[in-house]
Structures are given as C-alpha cells and as structure tokens.
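Asker: Contents are compact mmCIF, C-alpha atoms and all ligand atoms; file name protein.txt:
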```txt
# COMPACT_ATOMS: atom_id res chain seq x y z
CA MET A 20 5.69 20.55 -12.94
CA SER A 21 8.35 17.86 -13.19
CA LEU A 22 8.13 15.08 -10.59
CA THR A 23 11.18 14.48 -8.39
CA LEU A 24 12.21 10.86 -7.85
CA LEU A 25 14.80 10.22 -5.18
CA PHE A 26 17.00 7.19 -5.90
CA SER A 27 17.96 5.87 -2.49
CA ALA A 28 19.85 2.63 -3.01
CA PRO A 29 23.40 1.30 -2.78
CA GLU A 30 25.85 3.08 -5.08
CA ARG A 31 26.46 -0.01 -7.23
CA LEU A 32 22.86 0.11 -8.54
CA TRP A 33 22.97 3.67 -9.85
CA SER A 34 24.58 2.88 -13.19
CA SER A 35 21.80 0.39 -13.99
CA TYR A 36 19.01 2.90 -13.33
CA GLU A 37 20.34 6.39 -14.12
CA THR A 38 19.40 6.14 -17.79
CA ALA A 39 16.97 3.20 -17.86
CA LEU A 40 14.53 4.71 -15.36
CA PRO A 41 14.26 8.18 -16.96
CA THR A 42 13.75 6.42 -20.32
CA ALA A 43 10.91 4.29 -18.87
CA LEU A 44 9.33 7.35 -17.22
CA GLU A 45 9.38 9.23 -20.50
CA LYS A 46 7.88 6.23 -22.29
CA ALA A 47 5.07 6.23 -19.71
CA GLY A 48 4.39 9.88 -20.57
CA LEU A 49 5.71 11.23 -17.26
CA ASP A 50 7.62 14.46 -16.80
CA ALA A 51 9.97 13.35 -14.03
CA HIS A 52 13.62 13.50 -13.08
CA LEU A 53 15.70 11.02 -11.11
CA THR A 54 18.18 12.28 -8.55
CA ARG A 55 20.31 10.92 -5.73
CA ASP A 56 20.07 14.15 -3.78
CA ALA A 57 17.04 16.35 -3.21
CA ALA A 58 15.51 18.43 -0.44
CA PRO A 59 13.19 15.95 1.31
CA GLU A 60 10.08 18.13 0.97
CA GLU A 61 10.59 18.29 -2.81
CA VAL A 62 10.57 14.51 -3.29
CA ASP A 63 7.46 13.02 -4.94
CA TYR A 64 8.53 9.35 -5.02
CA ILE A 65 11.34 7.37 -3.42
CA VAL A 66 12.91 4.49 -5.36
CA TYR A 67 14.40 2.46 -2.56
CA ALA A 68 16.71 -0.44 -1.83
CA PRO A 69 18.08 -1.08 1.67
CA ASN A 70 20.89 1.36 2.49
CA ASP A 71 22.36 3.09 5.52
CA THR A 72 21.65 6.64 4.37
CA LEU A 73 17.85 6.76 4.35
CA THR A 74 16.40 5.31 7.52
CA ASP A 75 14.07 8.15 8.58
CA PHE A 76 11.22 8.86 6.16
CA THR A 77 9.66 11.57 8.35
CA PRO A 78 11.01 14.57 6.37
CA TYR A 79 9.57 13.27 3.08
CA ILE A 80 6.27 14.97 3.75
CA ASN A 81 5.23 15.16 0.11
CA ALA A 82 6.35 11.70 -1.02
CA LYS A 83 3.39 9.82 -2.49
CA ALA A 84 4.95 6.35 -2.41
CA VAL A 85 8.10 4.41 -1.70
CA LEU A 86 8.89 1.99 -4.53
CA SER A 87 11.11 -0.86 -3.43
CA LEU A 88 13.67 -2.34 -5.82
CA TRP A 89 13.58 -5.47 -3.71
CA ALA A 90 10.84 -8.07 -3.56
CA GLY A 91 11.53 -8.73 0.11
CA VAL A 92 10.64 -5.72 2.23
CA GLU A 93 11.44 -6.90 5.74
CA LYS A 94 14.10 -4.21 6.14
CA ILE A 95 11.71 -1.36 5.41
CA ALA A 96 8.13 -2.53 6.12
CA PRO A 97 8.50 -2.37 9.92
CA ASN A 98 10.08 1.14 9.84
CA PRO A 99 7.78 3.29 12.04
CA THR A 100 8.79 6.51 10.23
CA LEU A 101 7.41 5.16 6.95
CA THR A 102 3.88 6.52 6.60
CA GLN A 103 3.86 6.62 2.80
CA PRO A 104 2.44 3.65 0.81
CA LEU A 105 5.13 1.01 0.19
CA CYS A 106 5.21 -1.05 -3.02
CA ARG A 107 7.42 -4.09 -3.33
CA MET A 108 9.17 -5.17 -6.52
CA VAL A 109 7.38 -7.57 -8.82
CA ASP A 110 9.64 -7.81 -11.84
CA PRO A 111 9.39 -10.37 -14.66
CA GLY A 112 13.20 -10.43 -14.95
CA LEU A 113 13.61 -11.16 -11.24
CA ALA A 114 11.03 -13.93 -11.44
CA LEU A 115 12.73 -15.60 -14.41
CA GLY A 116 16.06 -15.48 -12.60
CA MET A 117 14.53 -17.16 -9.56
CA ARG A 118 12.90 -19.81 -11.71
CA ASP A 119 16.25 -20.65 -13.28
CA TYR A 120 18.05 -20.82 -9.92
CA VAL A 121 15.40 -23.04 -8.35
CA VAL A 122 14.93 -25.36 -11.31
CA GLY A 123 18.72 -25.68 -11.63
CA HIS A 124 19.27 -26.66 -8.00
CA VAL A 125 16.23 -28.95 -7.88
CA MET A 126 17.45 -30.76 -11.01
CA ARG A 127 20.93 -30.99 -9.50
CA TYR A 128 19.45 -32.72 -6.44
CA HIS A 129 17.09 -34.83 -8.50
CA LEU A 130 19.86 -36.17 -10.72
CA GLY A 131 22.36 -36.51 -7.88
CA MET A 132 24.81 -34.42 -9.88
CA ASP A 133 27.12 -33.66 -6.94
CA ARG A 134 28.13 -37.34 -6.72
CA HIS A 135 29.64 -37.16 -10.17
CA ILE A 136 30.93 -33.60 -10.02
CA HIS A 137 32.82 -34.43 -6.81
CA GLY A 138 33.89 -37.76 -8.34
CA LEU A 139 33.36 -41.43 -7.52
CA ASN A 140 37.00 -42.06 -6.67
CA GLY A 141 37.39 -44.86 -9.18
CA LYS A 142 34.22 -46.67 -8.13
CA TRP A 143 31.92 -47.61 -11.06
CA ASP A 144 28.84 -47.07 -8.91
CA HIS A 145 25.45 -46.89 -10.62
CA VAL A 146 22.73 -44.87 -8.92
CA THR A 147 19.81 -44.28 -11.27
CA PRO A 148 17.57 -41.37 -10.27
CA PRO A 149 13.82 -41.91 -10.35
CA LEU A 150 11.84 -40.17 -13.05
CA VAL A 151 10.61 -36.71 -12.12
CA LYS A 152 7.04 -37.98 -11.80
CA ASP A 153 8.22 -40.09 -8.88
CA ARG A 154 9.98 -37.19 -7.10
CA SER A 155 7.97 -34.90 -4.85
CA VAL A 156 8.94 -31.27 -4.53
CA THR A 157 7.32 -28.86 -2.10
CA VAL A 158 7.49 -25.10 -2.52
CA LEU A 159 6.76 -23.03 0.58
CA GLY A 160 5.36 -19.71 -0.65
CA LEU A 161 3.16 -19.45 -3.72
CA GLY A 162 3.59 -15.77 -4.45
CA GLU A 163 5.14 -14.18 -7.51
CA LEU A 164 8.32 -16.21 -7.18
CA GLY A 165 7.07 -19.42 -5.56
CA GLN A 166 4.40 -19.76 -8.18
CA ILE A 167 6.66 -19.42 -11.23
CA CYS A 168 9.10 -21.93 -9.71
CA ALA A 169 6.42 -24.42 -8.67
CA THR A 170 4.73 -24.23 -12.06
CA ALA A 171 8.02 -24.69 -13.94
CA LEU A 172 8.81 -27.76 -11.81
CA ALA A 173 5.33 -29.17 -12.39
CA GLN A 174 5.74 -28.59 -16.13
CA LEU A 175 8.91 -30.67 -15.99
CA GLY A 176 6.80 -33.44 -14.47
CA PHE A 177 7.66 -33.29 -10.75
CA ALA A 178 4.87 -33.96 -8.28
CA VAL A 179 4.65 -30.47 -6.81
CA THR A 180 2.96 -29.35 -3.62
CA GLY A 181 2.76 -25.66 -2.78
CA TRP A 182 2.01 -23.98 0.52
CA SER A 183 0.73 -20.47 1.18
CA ARG A 184 -0.99 -18.46 3.90
CA ARG A 185 -4.35 -18.30 2.12
CA PRO A 186 -6.03 -21.04 0.07
CA LYS A 187 -5.16 -21.23 -3.63
CA GLU A 188 -5.99 -23.27 -6.66
CA ILE A 189 -3.24 -23.44 -9.26
CA ASP A 190 -3.27 -25.76 -12.27
CA GLY A 191 -0.89 -28.68 -11.88
CA LEU A 192 -0.09 -28.04 -8.21
CA ASN A 193 -1.32 -29.63 -5.02
CA CYS A 194 -2.03 -26.46 -3.02
CA LEU A 195 -2.07 -26.48 0.77
CA HIS A 196 -2.31 -23.58 3.16
CA GLY A 197 -2.16 -22.42 6.74
CA PRO A 198 -0.55 -24.04 9.76
CA ASP A 199 -2.42 -27.34 9.19
CA GLY A 200 -1.21 -27.62 5.61
CA LEU A 201 2.44 -27.23 6.54
CA ALA A 202 2.90 -30.66 8.11
CA GLN A 203 1.39 -32.33 5.06
CA ALA A 204 3.45 -30.20 2.67
CA LEU A 205 6.67 -31.12 4.47
CA SER A 206 5.87 -34.80 4.91
CA THR A 207 6.10 -35.47 1.15
CA ALA A 208 8.99 -33.10 0.38
CA ASP A 209 11.85 -35.07 -1.15
CA ILE A 210 13.11 -31.65 -2.20
CA LEU A 211 11.94 -28.49 -0.44
CA VAL A 212 12.13 -24.96 -1.84
CA THR A 213 11.50 -22.08 0.57
CA LEU A 214 10.23 -18.87 -1.00
CA LEU A 215 8.45 -17.24 1.91
CA PRO A 216 8.99 -13.62 2.95
CA ASP A 217 10.62 -12.79 6.27
CA THR A 218 7.77 -11.89 8.63
CA ASN A 219 6.97 -12.53 12.27
CA ALA A 220 4.86 -15.48 11.15
CA THR A 221 7.45 -17.15 8.91
CA GLN A 222 10.57 -16.98 11.08
CA ASN A 223 11.94 -20.43 11.94
CA THR A 224 9.36 -22.15 9.73
CA LEU A 225 12.04 -24.82 9.44
CA ASN A 226 12.98 -25.82 12.99
CA ALA A 227 13.79 -29.09 14.78
CA ASP A 228 10.11 -30.14 14.83
CA THR A 229 9.29 -29.31 11.22
CA LEU A 230 12.56 -30.67 9.81
CA ALA A 231 11.72 -33.96 11.54
CA LEU A 232 8.48 -34.15 9.52
CA MET A 233 10.36 -34.35 6.21
CA PRO A 234 11.35 -37.63 4.55
CA LYS A 235 14.76 -38.78 5.76
CA GLY A 236 17.52 -37.45 3.52
CA ALA A 237 15.37 -34.68 2.02
CA GLN A 238 17.15 -31.79 0.36
CA ILE A 239 16.49 -28.10 0.83
CA VAL A 240 16.89 -25.07 -1.44
CA ASN A 241 16.42 -21.76 0.40
CA PRO A 242 16.44 -18.63 -1.74
CA GLY A 243 13.74 -17.02 0.49
CA ARG A 244 15.30 -15.53 3.60
CA GLY A 245 17.76 -16.77 6.23
CA THR A 246 15.29 -16.25 9.06
CA LEU A 247 13.03 -18.99 7.67
CA ILE A 248 15.46 -21.55 9.06
CA ASP A 249 16.64 -22.22 12.59
CA ASP A 250 20.32 -22.64 11.70
CA ASP A 251 21.26 -24.82 14.67
CA ALA A 252 18.33 -27.14 13.96
CA LEU A 253 19.34 -27.43 10.29
CA LEU A 254 22.97 -28.17 11.18
CA ALA A 255 21.81 -30.88 13.60
CA ALA A 256 19.46 -32.34 10.99
CA LEU A 257 22.28 -32.42 8.41
CA ASP A 258 24.62 -34.10 10.90
CA SER A 259 22.03 -36.76 11.76
CA ASP A 260 21.29 -37.36 8.03
CA GLN A 261 17.65 -36.34 8.55
CA ILE A 262 18.39 -33.71 5.90
CA GLY A 263 20.63 -34.85 3.05
CA HIS A 264 21.85 -31.49 1.76
CA ALA A 265 20.95 -27.81 1.78
CA THR A 266 21.58 -25.07 -0.76
CA LEU A 267 21.34 -21.74 0.99
CA ASP A 268 21.33 -18.37 -0.76
CA VAL A 269 20.18 -16.13 2.08
CA PHE A 270 21.31 -15.82 5.68
CA ARG A 271 20.47 -14.10 8.95
CA THR A 272 23.69 -12.12 8.58
CA GLU A 273 24.87 -11.16 5.10
CA PRO A 274 27.58 -11.43 3.99
CA LEU A 275 27.69 -14.80 5.76
CA PRO A 276 30.48 -14.45 8.37
CA ALA A 277 33.70 -16.23 7.37
CA ASP A 278 33.59 -18.46 10.46
CA HIS A 279 29.99 -19.61 9.97
CA PRO A 280 29.72 -23.43 9.97
CA TYR A 281 27.72 -23.37 6.74
CA TRP A 282 30.83 -22.40 4.74
CA SER A 283 32.70 -25.59 5.53
CA HIS A 284 29.82 -28.02 6.05
CA PRO A 285 30.13 -30.89 3.55
CA LYS A 286 26.36 -31.01 3.09
CA VAL A 287 25.79 -27.31 2.51
CA THR A 288 26.15 -25.27 -0.66
CA VAL A 289 26.38 -21.54 0.02
CA THR A 290 25.47 -19.10 -2.75
CA PRO A 291 25.94 -15.40 -1.90
CA HIS A 292 22.39 -14.03 -2.30
CA ILE A 293 22.51 -14.37 -6.06
CA ALA A 294 19.39 -16.46 -6.67
CA ALA A 295 17.64 -13.61 -8.43
CA GLU A 296 18.19 -9.92 -8.88
CA THR A 297 15.83 -7.20 -10.00
CA ARG A 298 16.64 -6.46 -13.65
CA ALA A 299 16.61 -2.76 -14.46
CA ASP A 300 15.44 -3.27 -18.06
CA THR A 301 12.15 -4.80 -16.93
CA ALA A 302 11.84 -3.27 -13.43
CA CYS A 303 11.97 0.32 -14.68
CA ASP A 304 8.73 -0.24 -16.62
CA VAL A 305 7.10 -1.53 -13.41
CA ILE A 306 8.22 1.55 -11.46
CA ALA A 307 7.12 3.92 -14.22
CA GLU A 308 3.72 2.24 -14.46
CA ASN A 309 3.18 2.61 -10.73
CA ILE A 310 4.04 6.30 -10.83
CA ARG A 311 1.74 6.78 -13.81
CA ARG A 312 -1.05 5.09 -11.85
CA SER A 313 -0.44 7.18 -8.78
CA GLU A 314 -0.47 10.40 -10.79
CA ALA A 315 -3.68 9.30 -12.54
CA GLY A 316 -5.36 8.52 -9.20
CA GLU A 317 -5.39 4.78 -9.95
CA PRO A 318 -4.56 2.17 -7.29
CA LEU A 319 -0.88 1.32 -6.88
CA LEU A 320 0.34 -2.14 -7.86
CA HIS A 321 2.13 -4.48 -5.44
CA LEU A 322 1.25 -2.59 -2.27
CA VAL A 323 2.75 -4.12 0.85
CA ASN A 324 0.32 -5.19 3.55
CA ARG A 325 2.17 -3.61 6.47
CA HIS A 326 0.23 -5.70 8.96
CA ALA A 327 1.15 -9.03 7.31
CA GLY A 328 4.68 -7.70 6.63
CA TYR A 329 4.87 -8.59 2.93
P1 LIG A 401 5.03 -12.75 -2.49
O1 LIG A 401 4.64 -11.74 -1.48
O2 LIG A 401 4.51 -12.61 -3.86
O3 LIG A 401 4.66 -14.21 -1.98
C1 LIG A 401 4.84 -14.61 -0.67
C2 LIG A 401 4.22 -15.99 -0.51
O4 LIG A 401 4.46 -16.43 0.83
C3 LIG A 401 2.71 -15.96 -0.69
O5 LIG A 401 2.27 -17.11 -1.34
C4 LIG A 401 2.20 -15.94 0.74
O6 LIG A 401 0.91 -16.49 0.93
C5 LIG A 401 3.23 -16.80 1.42
N1 LIG A 401 3.24 -16.55 2.86
C6 LIG A 401 3.51 -15.40 3.51
N2 LIG A 401 3.36 -15.57 4.85
C7 LIG A 401 2.99 -16.86 5.03
C8 LIG A 401 2.68 -17.63 6.17
N3 LIG A 401 2.71 -17.12 7.39
N4 LIG A 401 2.32 -18.92 5.98
C9 LIG A 401 2.27 -19.47 4.74
N5 LIG A 401 2.55 -18.77 3.62
C10 LIG A 401 2.92 -17.48 3.76
O7 LIG A 401 6.63 -12.74 -2.49
P2 LIG A 401 7.61 -13.15 -3.69
O8 LIG A 401 7.19 -14.47 -4.19
O9 LIG A 401 7.72 -12.03 -4.66
O10 LIG A 401 9.01 -13.24 -2.91
C11 LIG A 401 9.19 -14.17 -1.88
C12 LIG A 401 10.48 -13.88 -1.15
O11 LIG A 401 11.60 -14.25 -1.95
C13 LIG A 401 10.78 -12.42 -0.85
O12 LIG A 401 10.02 -11.95 0.24
C14 LIG A 401 12.25 -12.46 -0.56
O13 LIG A 401 12.46 -12.75 0.80
C15 LIG A 401 12.75 -13.61 -1.41
N6 LIG A 401 13.61 -13.16 -2.51
C16 LIG A 401 14.89 -13.63 -2.57
C17 LIG A 401 15.72 -13.28 -3.60
C18 LIG A 401 17.09 -13.84 -3.70
O14 LIG A 401 17.85 -13.45 -4.58
N7 LIG A 401 17.46 -14.77 -2.86
C19 LIG A 401 15.28 -12.36 -4.66
C20 LIG A 401 13.92 -11.91 -4.49
C21 LIG A 401 13.13 -12.30 -3.46
P3 LIG A 401 -0.38 -15.83 0.24
O15 LIG A 401 -0.23 -16.15 -1.23
O16 LIG A 401 -1.51 -16.53 0.86
O17 LIG A 401 -0.30 -14.36 0.52
C1 LIG A 402 14.90 -9.17 -3.06
C2 LIG A 402 16.19 -9.78 -2.94
O1 LIG A 402 14.13 -9.27 -2.12
O2 LIG A 402 17.08 -9.47 -3.75
O3 LIG A 402 14.58 -8.59 -4.11
O4 LIG A 402 16.43 -10.61 -2.06
```
Could you show the structure in this file as structure tokens?
Answerer:
Amino acid sequence: MSLTLLFSAPERLWSSYETALPTALEKAGLDAHLTRDAAPEEVDYIVYAPNDTLTDFTPYINAKAVLSLWAGVEKIAPNPTLTQPLCRMVDPGLALGMRDYVVGHVMRYHLGMDRHIHGLNGKWDHVTPPLVKDRSVTVLGLGELGQICATALAQLGFAVTGWSRRPKEIDGLNCLHGPDGLAQALSTADILVTLLPDTNATQNTLNADTLALMPKGAQIVNPGRGTLIDDDALLAALDSDQIGHATLDVFRTEPLPADHPYWSHPKVTVTPHIAAETRADTACDVIAENIRRSEAGEPLLHLVNRHAGY
C-alpha cells in the first residue's frame, strides 16, 4: 500500500518539494505520495518545518517518524506531544551554503574589507592584514556545519580551534571540548564563529564573562542561533570595543524587530537568517533514504537526541 507523507511546512516551501520529493521517493523505490492534507491516522511520515498549523502530534498515531527540513530542531524537539522519532536535516547543499557564508564573512573580517567598502574618506591609510596563518579562528560547534566551516578555514591556512560537547580529533584543527575547553577556545579567537544548536546547555554561551575572555577587538559571526548570545552583553562589549564587530544571522525574535538596536549599531551586520538553507535537490534524497531505511527496518539517520536537544 502506498505510504502517506504529510508535508507540514510553510507554504513558500511547497513549490520546491511537491515534485522533487516524489521524484526522490520513486528513485528510492518507494511507493509513496506527498500531501499537505491527510487524516492524521493515515499519515506514515511527517516532513516538517516549523509552522503554526501542526503543533500537536498526538493524533498521528501511525506516523513512524518526523523528518525535519531544518537542521536546528529547538522548535520541535521539546514538544511533549511528539512521541515519534525525530530526524534533523543533514543536507550537503545546506552545509555548502553555510561554508560559503562563514568563509565569506571570516575573510571579510580577516582582510578588513569593511574599511574600504565604507571608504577611507580621502585618507591614504595603509593597514596590511596578517597572513591567514597568523590569524586564529575559533568555531564553536563541530557538527555537520561547524566541521565543514572549520575545515574549509583550516584549508585556507587559518589557525583553527574547534569546540564541541564531546572530545573530537579532526585533521588540521585544534579540538577542545566541554566547559573547560571553552575558555581556551575563546581566549585565542581573533574571529569567532558560533555554530551550536539552541539547547538548555548552549543558551547565553556568549555572555559578559565569556566575551571578556576573547582578545580585545575580536569579531564574531553567528549563524547558529540567537539564543547563543546574551544580546545586552554583546551590545556592551561592542560599545566598549572589547568586541570589534559582529555579523548576526539569527536572533531571539525573528524577524528581528524594527526597533532592535542591532539594526542601527555601527558595529553590527544583520543578515536575515540567510546563512544557509536546506536545498530541495539534495535534501529530498536524504528524506527518501531515511524513509527507505525505516521501511526496511534499518536505523534512521540523523536521529535527534531528545535529552541533549539536538
Ligand atoms: P550538529 O548537531 O551536527 O552539531 C552541533 C555541534 O554543537 C556538535 O559539535 C555538538 O557537540 C556541539 N554542541 C552541542 N551542545 C554543546 C554544548 N553544550 N557544548 C559544546 N558543544 C556543544 O548541528 P549542525 O552542525 O547541523 O547545525 C548547527 C546549528 O546551526 C543548528 O542547530 C542551527 O541552529 C544552525 N543552523 C543555522 C542556519 C542558518 O541559516 N543560520 C541553517 C542551518 C542550521 P558534539 O559534536 O560533541 O555532539
Ligand atoms: C535550520 C535553519 O536550522 O534554517 O535549518 O536555521
């Protein structure tokens, strides 16, 4: 019998998936149909991105898994009605997009590009950047996205430190972990990239105390989540020149409210949660493979650890 996949995601995403996902399912040898409307008890899988319509998973008594289109699952993982296995998105297209965003903004900071883009006002003022080997970059989070960014930066020649919850060994990176590793990771961060998930343990990772550990004038790129940063502490650190500049893609409230001080702060670049997006052409294969596995009784890929929250 044909499997029923409920597509529960914002309207704007439908056009990217309505043909691509059925094509990927067919390629994976699955007899399945994708719909935006089905009787809950008839649904076998839920393809999900945060939306206001589906907040109670209780009626989906036969759903075998919820497959997130997002990598970050903080909006769904704590939902007490969700008893089905939850898989987060690990998509090669998403990862490449994040790599490009992070490398671009790190290079912009490294080369001091803003000085010239904003103009020197007629002053022939030479500031020569150091070579990349003499610039330290720290990446908080060494998961799917942190790792591809950290490795790309190391391949360019930056001295890269990475930080994660559990110990890791990754070629070309100085890997630190756990609460003790954080102080060391921050203390060398000329440029800091934050790619942690939003969990109880990661909220306010950057606060007045931890920002003070960074080299004076350090620059921050945050495509992770807004909750990683205590906003008042960051604004104070920018105003005192402890932090030189911040590029922020994600915020506690999105869209970022029009009156938020970040919009007009001279040392903040706001990007509207565009660092990386799941790409349907690659993500549909990931979803189809997970459904194939589930139907074959094989373990699901990218299962969320509900206890850890990511
Ligand atoms: P992963 O789950 O693959 O990686 C998370 C990393 O964070 C892991 O290295 C993990 O450590 C580490 N981590 C988690 N908790 C802690 C902790 N308490 N202390 C130290 N390290 C911790 O996630 P992804 O790399 O796929 O994605 C990261 C985040 O990027 C997403 O959760 C999302 O918030 C954000 N994102 C933003 C996008 C954007 O457009 N702005 C797009 C997509 C994602 P360990 O390896 O030990 O488990
Ligand atoms: C994600 C995101 O988590 O877009 O995938 O932020």
Asker: Could you tell me how far CA of Cys168 in chain A sits from CA of Val121 in chain A, in Å to one decimal place?
Answerer: 6.5 Å
Asker: Pick from A:Ile136, A:Ala327, A:Leu130, A:Ile189: nearest to Asn219 in chain A, with only C-alpha atoms counted?
Answerer: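 Using only C-alpha atoms, the shortest distance to Asn219 in chain A belongs to A:Ala327.
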Asker: With a distance cut-off of 12 Å and all atoms listed in the file, select the neighbouring residues of Met233 in chain A, excluding the residue or stretch itself and same-chain residues fewer than 3 positions from it, and output the selection as a ChimeraX atom specification.
Answerer: /A:155-157,201-211,225-230,236-239,256,260-263
Asker: Range 29-34 of chain A: which residues within 8 Å, counting only C-alpha atoms, same-chain residues fewer than 3 positions away excluded, as a list in words?
Answerer: Phe26, Glu37, Thr38, Ala68, Pro69 and Asn70 of chain A
Asker: Once you count only C-alpha atoms and all ligand atoms, which residues end up within 8 Å of ligand LIG 402 (chain A), and could you hand them over as a ChimeraX atom specification?
Answerer: /A:88-92,108,113,243-244,269,292-297
Asker: I'd like the interatomic distance between atom C4 of ligand LIG 401 (chain A) and CA of Leu322 in chain A, to a tenth of an Å.
Answerer: 13.7 Å
Asker: Would you please work out which residue, of A:Tyr79, A:Tyr36, A:Tyr67, A:Tyr329, is nearest to ligand LIG 401 (chain A) when using only C-alpha atoms and all ligand atoms?
Answerer: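 Nearest candidate to ligand LIG 401 (chain A) out of A:Tyr79, A:Tyr36, A:Tyr67, A:Tyr329: A:Tyr329.
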Asker: Record the distance separating CA of Pro280 in chain A and CA of Ala252 in chain A, expressed in Å with one decimal.
Answerer: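 Here the two named atoms are 12.6 Å from each other.
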Asker: Mind listing as a count of residues only all residues within 12 Å of (12.4, 11.9, -2.3), counting only C-alpha atoms?
Answerer: 37
Asker: Could you tell me which of A:Pro41, A:Gly316, A:Pro234, A:Gly160 comes closest to ligand LIG 401 (chain A) if we count all atoms listed in the file?
Answerer: A:Gly160
Asker: Nearest to His129 in chain A: which of A:Arg154, A:His196, A:Arg311, A:Lys286 is it, counting all atoms listed in the file?
Answerer: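 The shortest atom-to-atom distance to His129 in chain A comes from A:Arg154.
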Asker: Calculated over only C-alpha atoms and all ligand atoms, which of the candidates A:Ala255, A:Leu215, A:Ala231, A:Ala302 has the smallest distance to ligand LIG 401 (chain A)?
Answerer: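 Checking each of A:Ala255, A:Leu215, A:Ala231, A:Ala302 against ligand LIG 401 (chain A), counting only C-alpha atoms and all ligand atoms, the winner is A:Leu215.
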Asker: Nearest residue to Lys187 in chain A out of A:Gly162, A:Thr213, A:Thr42, A:Pro104, using only C-alpha atoms?
Answerer: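 Looking only at the distances to Lys187 in chain A, the closest residue turns out to be A:Gly162.
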Asker: Neighbouring residues of Arg184 in chain A were defined as those with any atom within 9 Å, considering all atoms listed in the file; residues of the same chain fewer than 2 positions away were excluded. Please report them as a list in words.
Answerer: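 Using all atoms listed in the file, the neighbours found are Gly160, Leu161, Trp182, Pro186, Leu195, His196, Gly197 and Pro198 of chain A.
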Asker: Please dump the current selection as a short mmCIF file (atom, residue, chain, number, x, y, z; two decimals), keeping the file's coordinate frame; keep C-alpha atoms.
Answerer:
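again_27.cif was written with the following content:
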```
data_model
loop_
_atom_site.label_atom_id
_atom_site.label_comp_id
_atom_site.auth_asym_id
_atom_site.auth_seq_id
_atom_site.Cartn_x
_atom_site.Cartn_y
_atom_site.Cartn_z
CA GLY A 160 5.36 -19.71 -0.65
CA LEU A 161 3.16 -19.45 -3.72
CA TRP A 182 2.01 -23.98 0.52
CA PRO A 186 -6.03 -21.04 0.07
CA LEU A 195 -2.07 -26.48 0.77
CA HIS A 196 -2.31 -23.58 3.16
CA GLY A 197 -2.16 -22.42 6.74
CA PRO A 198 -0.55 -24.04 9.76
#
```
Asker: Do a neighbour search on Thr180 in chain A at 6 Å with all atoms listed in the file, toss out local chain neighbours closer than 3 positions, and write the hits as a list in words.
Answerer: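 Residues near the query, excluding close chain neighbours: Thr157, Leu192, Asn193 and Cys194 of chain A.
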Asker: Please check which residues have atoms at most 10 Å from (12.0, -39.4, -15.5) in the file's coordinates, counting all atoms listed in the file, and write them as a ChimeraX atom specification.
Answerer: /A:129-130,148-154,175-177
Asker: Generate a file for range 71-124 of chain A, containing C-alpha atoms, as a compact mmCIF listing (two decimals), in the first residue's frame.
Answerer:
```
# COMPACT_ATOMS: atom_id res chain seq x y z
CA ASP A 71 1.67 27.32 13.19
CA THR A 72 -0.66 24.62 11.89
CA LEU A 73 0.89 21.45 13.28
CA THR A 74 1.74 21.80 16.94
CA ASP A 75 0.01 18.71 18.36
CA PHE A 76 1.42 15.40 17.12
CA THR A 77 -0.89 13.27 19.31
CA PRO A 78 -3.37 12.33 16.55
CA TYR A 79 -0.61 10.99 14.27
CA ILE A 80 -0.83 7.59 15.87
CA ASN A 81 0.62 5.71 12.91
CA ALA A 82 3.40 8.12 11.97
CA LYS A 83 6.74 6.29 12.03
CA ALA A 84 8.97 9.38 12.04
CA VAL A 85 9.01 13.14 11.78
CA LEU A 86 11.61 14.31 9.26
CA SER A 87 12.70 17.88 9.85
CA LEU A 88 13.61 20.13 6.93
CA TRP A 89 15.62 22.21 9.35
CA ALA A 90 18.95 21.34 10.92
CA GLY A 91 18.04 23.18 14.11
CA VAL A 92 15.22 21.43 15.93
CA GLU A 93 14.76 23.59 19.02
CA LYS A 94 11.21 24.48 17.97
CA ILE A 95 10.06 20.87 17.78
CA ALA A 96 12.38 18.72 19.95
CA PRO A 97 10.88 19.91 23.27
CA ASN A 98 7.26 19.37 22.07
CA PRO A 99 5.74 16.94 24.63
CA THR A 100 3.16 15.64 22.11
CA LEU A 101 5.93 14.38 19.84
CA THR A 102 6.43 10.71 20.65
CA GLN A 103 7.56 9.67 17.16
CA PRO A 104 11.31 9.53 16.32
CA LEU A 105 12.57 12.94 15.14
CA CYS A 106 15.29 13.24 12.48
CA ARG A 107 17.00 16.55 11.83
CA MET A 108 18.17 17.73 8.41
CA VAL A 109 21.69 16.91 7.34
CA ASP A 110 21.88 18.13 3.76
CA PRO A 111 25.04 18.53 1.67
CA GLY A 112 23.53 21.60 -0.03
CA LEU A 113 22.79 23.25 3.31
CA ALA A 114 26.31 22.52 4.52
CA LEU A 115 27.92 24.02 1.41
CA GLY A 116 25.81 27.14 1.80
CA MET A 117 26.92 27.53 5.40
CA ARG A 118 30.55 27.01 4.45
CA ASP A 119 30.30 29.79 1.88
CA TYR A 120 28.61 32.20 4.29
CA VAL A 121 31.12 31.57 7.06
CA VAL A 122 34.22 31.64 4.87
CA GLY A 123 32.96 34.83 3.21
CA HIS A 124 32.39 36.69 6.46
```
